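Visitor: Dropping a structure here in structure tokens format, bear with me for questions.
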Protein chains: 2
Amino acid sequence: MANNSDYAFQKCINPECAATFDVAEILVKCPTCGDMLDVAYDWDKMDVPGSLKDFEKRWTRTNPLDFSGVWRFRDLLNFCPDDCKVTVGEGQTILQRNDALAKDLGIDAGCLHLEYEGLNPSGSFKDNGMTAAFSHARLVGATASACASTGNTSASMALYAHSTGMSCTVFIGSGRIAYGKLSQAMDYGAHTLQIAGDFDDCMRQVQAVCAQLGIYLVNSLNPFRLEGQKTIMFRILEQLGWQVPDWIIVPGGNLGNSSSFGKAFAELKQLGLIDRVPRLAIINAEGANTLTHLYNDRNLRWNDGRPDADLVQEFYDDLTARKYSPRTVASAIEISRPVNLTKCLRALDICDGVVISVPDEEIIDAKAQIGLRGLGCEPASAATIAGLKHLLADGVVDPSAKIACVLTGHPLKDPNLTVNYHKDNKGKFSNPPVEVPNDLNAIIKAMKQA
Amino acid sequence: MANNSDYAFQKCINPECAATFDVAEILVKCPTCGDMLDVAYDWDKMDVPGSLKDFEKRWTRTNPLDFSGVWRFRDLLNFCPDDCKVTVGEGQTILQRNDALAKDLGIDAGCLHLEYEGLNPSGSFKDNGMTAAFSHARLVGATASACASTGNTSASMALYAHSTGMSCTVFIGSGRIAYGKLSQAMDYGAHTLQIAGDFDDCMRQVQAVCAQLGIYLVNSLNPFRLEGQKTIMFRILEQLGWQVPDWIIVPGGNLGNSSSFGKAFAELKQLGLIDRVPRLAIINAEGANTLTHLYNDRNLRWNDGRPDADLVQEFYDDLTARKYSPRTVASAIEISRPVNLTKCLRALDICDGVVISVPDEEIIDAKAQIGLRGLGCEPASAATIAGLKHLLADGVVDPSAKIACVLTGHPLKDPNLTVNYHKDNKGKFSNPPVEVPNDLNAIIKAMKQA
Ligand SMILES: [Zn+2]
Ligand SMILES: [Zn+2]
């Protein structure tokens, strides 16, 4: 490896010592006097820009709408003038080529990509859609917003509401409340109404209240949110040098993402901006597998816009009769009546899609693998990798296919699950702390065993 | 406000209905048939790019080093060749002009800016320095890394270690362990050794082990970490159109940030890239106020590289005699022996700095205000705004000064504090949930009171 100590070197900060050392030495303190080290430069040997402005060649962001990972694609979600558009800097997300995880899964090098939507300002992909919904809210002159949610949606709504100068109210039920999930909504100043009832009561009441008081409803049916979510696909294409991948893999909950992804590719194809669409794989948790059941077992299809509504109603009636509640560790997709079901069927039609379900144990193992190899994610996001393992084993996805998995939320959205998994040694990839005496030899022995 | 429904409109997805509606109507479902709505476009009326590549004009990121918010300034931290440089996409952070918070504080519009370093991949500013340290580790051929830490440092180390293909070990003590803070290190695959001893024992043992086994020590003394942290200042200048602000405000813990900021401005001045340096305000928590005490009360100064070492030793001996442990809710700055003290004195000298301390109650109130007006932060980050209030009240900072506050960590780093503050109504800005009967009129009444 090259040694460029012609340029930088290490230097003692003690002026009476001022000893210098090669940059390629591992030094913590000055070996001459014991004082601190600094990195120093002979600037005149170096090629330094003549002006700070020269750095702009590497990074252009003069217009805040261009900085936004949503609005720099504004031509493709053009429903309001620029002066209505709200941005808090959403969409600075990363598509990571992950060869280490690819190897673990038996996928060819260069083929597996992970899209980290948890790097959005509120910590989840929801910001993509919320920036669009609040831009629409401004277009129509709304001053107040509301939704029923205890999780990522309420966090994102509250962030955009206060950034837009709008009030916002979160409706939650009176059952067990996971306050950790509400922490952001409270932090961002949402009014929280705890309705004496369950989630369905909240949903009914929020719709009634919004209709009566003229409040902008930011729930999952809002079509403008899906417009914003299209840009997740635009950013994946951008980072792949505008090459269309073979597969997009996404967790399935309310099915807004899959619906918007299908719409994005249909529009790009229609415009002649891409010549083929990728295939779409939607991964349910086994404890919340409505789509898997209806699509795979009951053969529910888009059917040119006429899906079999009776089939769906029959299934939902049965859920009601059984008082069925979905249950999975992947709380962001713990949904048994996905509101975007119909649009999702269209996306599956557009993208020749497949749907499967995975058990919780496989989700939390996959979550640990994503942490071990990548930047980490919330549990629901890991359904993608858990599902991909099955799709590879079943020969549906080829190990040489170009794959992009959408990791929807930040690893810090659910730290307790991570702690329990590792500390209590609960899974295949658990990584618990090791107790060691305060003794150098014992520690060195433990290091060598690690 | 302009209505551009010439371009986008809402359309029922039911092909037998296919009703269309103005984009400026607030509709959740099709008012004609009750089915779902979609956003649709007459693309031929719109100005759509002829090729996806056209979007690149708005956003150039062909070289991964240019995408990195650290390495796109690589000319100014040039200590290794490009092929040693590690990047996971760090530094996609946001400088937010926050007029709402400025108004709360009595600062002129356009003057207050918040730099969100919590948007880094591991959730804190540490990634800026760790990407540099691990690049240096590659330069010197290291294959293993270690540090003593239970918080943001261990998370960032573990992320860069596995991204670089290096092993890493975190040393923690056997006292009370805040596992939430360790969740990321475990998730990212760090080996964790729990030494039967306190933090000082860990620090001593990790240094001995690294020396003996040739392991790369990533602790706070590592000078390459400070090189990376300089880029936080470069990004602030970049977002301010290369205008130097009047004040940089930063929390003071181990004092690595303030040290590196001073170095950054000294170098830029030396190179003629800026014509003046900003002033620096370092904010301690009252429960961890070593710098405040030594700088303000004992008049400790840089003194051309010869600070009064006896003064420092005397103070530390007294801490030892008193068995003093620092204690603040701002855990990231809960440090009474800041390892970068000397370099920080130099930074205070370069930047005509000031130092103050703030009590925990003011930190958590300021944290709530940052959540209410901005993107939120971890408790330590809020020391900046808590301190700024004092600096304004004391006339040290002028309300028309251009101010940039560095918010070091993500709001999800410490959700429990946020929940307790709001839910239990503990502070001036607490925002607890309100219980309401499952009744429309009662809910509407509660909404109007909010
Ligand atoms: Zn020396
Ligand atoms: Zn209709």
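For the structure tokens, the naming scheme is as follows: chains receive sequential letters (A, B, ...) according to their order of presentation, residues are indexed from 1 within each chain, and ligands are indexed from 1 in presentation order.
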Give one line per residue of chain B that approaches ligand 2 to at most 6 Å, naming the two atoms of the closest pair and their distance in Å to one decimal, counting only C-alpha atoms and all ligand atoms; sort by chain then ascending residue number and deliver it as a Markdown table.
Guide:
| residue | atom | partner | partner_atom_place_in_ligand_line | distance |
| --- | --- | --- | --- | --- |
| B:Cys12 | CA | ligand 2 | 1 (Zn) | 4.5 |
| B:Asn14 | CA | ligand 2 | 1 (Zn) | 5.6 |
| B:Cys17 | CA | ligand 2 | 1 (Zn) | 4.4 |
| B:Ala18 | CA | ligand 2 | 1 (Zn) | 5.6 |
| B:Ala19 | CA | ligand 2 | 1 (Zn) | 5.3 |
| B:Cys30 | CA | ligand 2 | 1 (Zn) | 4.6 |
| B:Thr32 | CA | ligand 2 | 1 (Zn) | 4.8 |
| B:Cys33 | CA | ligand 2 | 1 (Zn) | 3.9 |
| B:Gly34 | CA | ligand 2 | 1 (Zn) | 5.7 |
| B:Asp35 | CA | ligand 2 | 1 (Zn) | 5.2 |
Visitor: Using only C-alpha atoms, find each residue of segment 294-405 of chain A with at least one atom at most 8 Å away from an atom of segment 425-431 of chain A; report its shortest atom-to-atom pair and that distance in Å (one decimal), sort the rows by chain and rising residue number, and return the result as JSON lines.
Guide:
{"residue": "A:Glu361", "atom": "CA", "partner": "A:Gly427", "partner_atom": "CA", "distance": 7.8}
{"residue": "A:Ile364", "atom": "CA", "partner": "A:Gly427", "partner_atom": "CA", "distance": 7.8}
{"residue": "A:Asp365", "atom": "CA", "partner": "A:Gly427", "partner_atom": "CA", "distance": 6.3}
{"residue": "A:Ala368", "atom": "CA", "partner": "A:Phe429", "partner_atom": "CA", "distance": 6.2}
{"residue": "A:Gln369", "atom": "CA", "partner": "A:Phe429", "partner_atom": "CA", "distance": 7.1}
Visitor: Pick from B:Asn284, B:Asp47, B:Arg138, B:Gly305: nearest to ligand 1, with only C-alpha atoms and all ligand atoms counted?
Guide: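 Ranked by minimum distance to ligand 1, first place goes to B:Gly305.
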Visitor: As JSON, numbers by chain, please: every residue in segment 140-282 of chain A that a backbone DSSP assignment puts in alpha helix (DSSP H).
Guide: {"A": [152, 153, 154, 155, 156, 157, 158, 159, 160, 161, 162, 163, 164, 179, 180, 181, 182, 183, 184, 185, 186, 187, 199, 200, 201, 202, 203, 204, 205, 206, 207, 208, 209, 210, 211, 212, 213, 223, 224, 225, 226, 227, 228, 229, 230, 231, 232, 233, 234, 235, 236, 237, 238, 239, 256, 257, 258, 259, 260, 261, 262, 263, 264, 265, 266, 267, 268, 269, 270]}
Visitor: Show which residues sit within 10 Å of Ala330 of chain A, as a count of residues only. Count only C-alpha atoms, and ignore same-chain residues fewer than 5 positions away.
Guide: 18
Visitor: From the set A:Leu291, A:Ala109, A:Ala8, A:Ile248, which residue has the shortest atom-to-atom contact distance to Leu341 of chain A, counting only C-alpha atoms?
Guide: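 Using only C-alpha atoms, the shortest distance to Leu341 of chain A belongs to A:Leu291.
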Visitor: Taking the DSSP secondary structure from the backbone, can you list the residues of segment 251-404 of chain B that are strand (DSSP E), as a ChimeraX atom specification?
Guide: /B:251,279-285,354-358,403-404
Visitor: Kindly export the residues of the current selection with N, CA and C atoms, as a PDB file, in the first residue's frame.
Guide:
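Listed below is the output, again33.pdb:
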ATOM      1  N   PRO B 251     -21.427  20.824  22.192  1.00  0.00           N
ATOM      2  CA  PRO B 251     -21.370  20.257  23.542  1.00  0.00           C
ATOM      3  C   PRO B 251     -19.923  19.856  23.864  1.00  0.00           C
ATOM      4  N   ARG B 279     -16.135  32.365  16.271  1.00  0.00           N
ATOM      5  CA  ARG B 279     -15.908  32.131  17.693  1.00  0.00           C
ATOM      6  C   ARG B 279     -16.522  30.781  18.071  1.00  0.00           C
ATOM      7  N   LEU B 280     -15.992  30.186  19.125  1.00  0.00           N
ATOM      8  CA  LEU B 280     -16.392  28.841  19.531  1.00  0.00           C
ATOM      9  C   LEU B 280     -16.968  28.907  20.939  1.00  0.00           C
ATOM     10  N   ALA B 281     -18.149  28.332  21.123  1.00  0.00           N
ATOM     11  CA  ALA B 281     -18.716  28.214  22.482  1.00  0.00           C
ATOM     12  C   ALA B 281     -18.856  26.733  22.810  1.00  0.00           C
ATOM     13  N   ILE B 282     -18.234  26.315  23.905  1.00  0.00           N
ATOM     14  CA  ILE B 282     -18.298  24.914  24.327  1.00  0.00           C
ATOM     15  C   ILE B 282     -19.191  24.837  25.555  1.00  0.00           C
ATOM     16  N   ILE B 283     -20.188  23.947  25.495  1.00  0.00           N
ATOM     17  CA  ILE B 283     -21.158  23.875  26.584  1.00  0.00           C
ATOM     18  C   ILE B 283     -21.001  22.554  27.335  1.00  0.00           C
ATOM     19  N   ASN B 284     -20.626  22.644  28.590  1.00  0.00           N
ATOM     20  CA  ASN B 284     -20.581  21.487  29.500  1.00  0.00           C
ATOM     21  C   ASN B 284     -21.941  21.289  30.160  1.00  0.00           C
ATOM     22  N   ALA B 285     -22.195  20.069  30.622  1.00  0.00           N
ATOM     23  CA  ALA B 285     -23.267  19.858  31.600  1.00  0.00           C
ATOM     24  C   ALA B 285     -22.700  20.198  32.980  1.00  0.00           C
ATOM     25  N   VAL B 354     -15.430  30.608  24.296  1.00  0.00           N
ATOM     26  CA  VAL B 354     -16.015  30.725  25.636  1.00  0.00           C
ATOM     27  C   VAL B 354     -16.516  29.345  26.059  1.00  0.00           C
ATOM     28  N   VAL B 355     -16.607  29.161  27.361  1.00  0.00           N
ATOM     29  CA  VAL B 355     -17.036  27.884  27.927  1.00  0.00           C
ATOM     30  C   VAL B 355     -18.062  28.180  29.010  1.00  0.00           C
ATOM     31  N   ILE B 356     -19.187  27.458  29.003  1.00  0.00           N
ATOM     32  CA  ILE B 356     -20.129  27.571  30.125  1.00  0.00           C
ATOM     33  C   ILE B 356     -20.737  26.195  30.420  1.00  0.00           C
ATOM     34  N   SER B 357     -21.385  26.101  31.560  1.00  0.00           N
ATOM     35  CA  SER B 357     -22.066  24.869  31.968  1.00  0.00           C
ATOM     36  C   SER B 357     -23.554  25.143  32.139  1.00  0.00           C
ATOM     37  N   VAL B 358     -24.354  24.102  31.876  1.00  0.00           N
ATOM     38  CA  VAL B 358     -25.802  24.236  32.039  1.00  0.00           C
ATOM     39  C   VAL B 358     -26.345  23.049  32.834  1.00  0.00           C
ATOM     40  N   ILE B 403     -25.247  31.866  13.744  1.00  0.00           N
ATOM     41  CA  ILE B 403     -24.902  30.827  14.717  1.00  0.00           C
ATOM     42  C   ILE B 403     -25.117  29.446  14.109  1.00  0.00           C
ATOM     43  N   ALA B 404     -24.178  28.540  14.324  1.00  0.00           N
ATOM     44  CA  ALA B 404     -24.375  27.135  13.934  1.00  0.00           C
ATOM     45  C   ALA B 404     -24.168  26.254  15.161  1.00  0.00           C
TER      46      ALA B 404
END
Visitor: From the set B:Ile444, B:Ile177, B:Val250, B:Leu255, which residue has the shortest atom-to-atom contact distance to chain A, counting only C-alpha atoms?
Guide: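 Among the listed residues, B:Ile444 lies closest to chain A.
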Visitor: Expressed in Å to a single decimal, how great is the separation between atom CA of Gly252 of chain A and atom CA of Thr320 of chain A?
Guide: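 One can read the atom CA of Gly252 of chain A to atom CA of Thr320 of chain A distance as 20.9 Å.
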Visitor: Taking only C-alpha atoms and all ligand atoms into account, name the residue in A:Arg373, A:Asp22, A:Leu37, A:Ser258 that is nearest to ligand 1.
Guide: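 Nearest to ligand 1: A:Leu37.
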Visitor: Using only C-alpha atoms, which residue out of A:Asn222, A:Asn420, A:Asn98, A:Gln207 lies closest to chain B?
Guide: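 Using only C-alpha atoms, the shortest distance to chain B belongs to A:Asn222.
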Visitor: Can you tell me which residues surround Tyr216 of chain A at a distance of at most 9 Å, considering only C-alpha atoms, apart from same-chain residues fewer than 5 positions away, and format the answer as a PyMOL selection string?
Guide: (chain A and resi 134+137+142-147+210-211) or (chain B and resi 26)
Visitor: Would you output that residue set with N, CA, C and O atoms, as a PDB file, in the first residue's frame?
Guide:
ATOM      1  N   PHE A 134     -47.698  16.539   2.741  1.00  0.00           N
ATOM      2  CA  PHE A 134     -47.743  17.887   3.322  1.00  0.00           C
ATOM      3  C   PHE A 134     -47.595  18.975   2.267  1.00  0.00           C
ATOM      4  O   PHE A 134     -48.103  20.083   2.440  1.00  0.00           O
ATOM      5  N   ALA A 137     -51.016  19.175   1.185  1.00  0.00           N
ATOM      6  CA  ALA A 137     -51.789  19.870   2.230  1.00  0.00           C
ATOM      7  C   ALA A 137     -51.625  21.387   2.087  1.00  0.00           C
ATOM      8  O   ALA A 137     -52.590  22.141   2.233  1.00  0.00           O
ATOM      9  N   ALA A 142     -54.540  23.532   3.817  1.00  0.00           N
ATOM     10  CA  ALA A 142     -54.830  22.934   5.123  1.00  0.00           C
ATOM     11  C   ALA A 142     -53.964  23.564   6.213  1.00  0.00           C
ATOM     12  O   ALA A 142     -52.845  24.007   5.949  1.00  0.00           O
ATOM     13  N   THR A 143     -54.491  23.601   7.427  1.00  0.00           N
ATOM     14  CA  THR A 143     -53.714  24.135   8.555  1.00  0.00           C
ATOM     15  C   THR A 143     -53.579  23.119   9.685  1.00  0.00           C
ATOM     16  O   THR A 143     -52.882  23.367  10.654  1.00  0.00           O
ATOM     17  N   ALA A 144     -54.297  21.995   9.563  1.00  0.00           N
ATOM     18  CA  ALA A 144     -54.221  20.973  10.614  1.00  0.00           C
ATOM     19  C   ALA A 144     -54.187  19.607   9.967  1.00  0.00           C
ATOM     20  O   ALA A 144     -54.757  19.402   8.896  1.00  0.00           O
ATOM     21  N   SER A 145     -53.518  18.659  10.616  1.00  0.00           N
ATOM     22  CA  SER A 145     -53.376  17.311  10.075  1.00  0.00           C
ATOM     23  C   SER A 145     -53.634  16.290  11.175  1.00  0.00           C
ATOM     24  O   SER A 145     -53.552  16.622  12.359  1.00  0.00           O
ATOM     25  N   ALA A 146     -53.949  15.076  10.783  1.00  0.00           N
ATOM     26  CA  ALA A 146     -54.188  14.022  11.769  1.00  0.00           C
ATOM     27  C   ALA A 146     -53.982  12.662  11.148  1.00  0.00           C
ATOM     28  O   ALA A 146     -54.028  12.496   9.916  1.00  0.00           O
ATOM     29  N   CYS A 147     -53.737  11.663  12.002  1.00  0.00           N
ATOM     30  CA  CYS A 147     -53.704  10.271  11.572  1.00  0.00           C
ATOM     31  C   CYS A 147     -53.931   9.379  12.785  1.00  0.00           C
ATOM     32  O   CYS A 147     -53.812   9.820  13.923  1.00  0.00           O
ATOM     33  N   CYS A 210     -61.843  14.472  10.942  1.00  0.00           N
ATOM     34  CA  CYS A 210     -61.226  15.192   9.827  1.00  0.00           C
ATOM     35  C   CYS A 210     -62.285  15.728   8.872  1.00  0.00           C
ATOM     36  O   CYS A 210     -62.198  16.867   8.410  1.00  0.00           O
ATOM     37  N   ALA A 211     -63.293  14.891   8.598  1.00  0.00           N
ATOM     38  CA  ALA A 211     -64.365  15.317   7.695  1.00  0.00           C
ATOM     39  C   ALA A 211     -65.101  16.513   8.298  1.00  0.00           C
ATOM     40  O   ALA A 211     -65.391  17.502   7.621  1.00  0.00           O
TER      41      ALA A 211
ATOM     42  N   ILE B  26     -59.403  17.710  -1.242  1.00  0.00           N
ATOM     43  CA  ILE B  26     -58.954  16.766  -0.216  1.00  0.00           C
ATOM     44  C   ILE B  26     -59.901  15.578  -0.246  1.00  0.00           C
ATOM     45  O   ILE B  26     -61.012  15.639   0.264  1.00  0.00           O
TER      46      ILE B  26
END
Visitor: Can you pull out the residues contacting segment 322-324 of chain B? Cut-off 12 Å, using only C-alpha atoms, and skip same-chain residues under 2 positions away; I want them as a count of residues only.
Guide: 16
Visitor: Which value, in Å to one decimal, gives the distance between atom CA of Leu391 of chain A and atom CA of Cys377 of chain A?
Guide: 20.6 Å
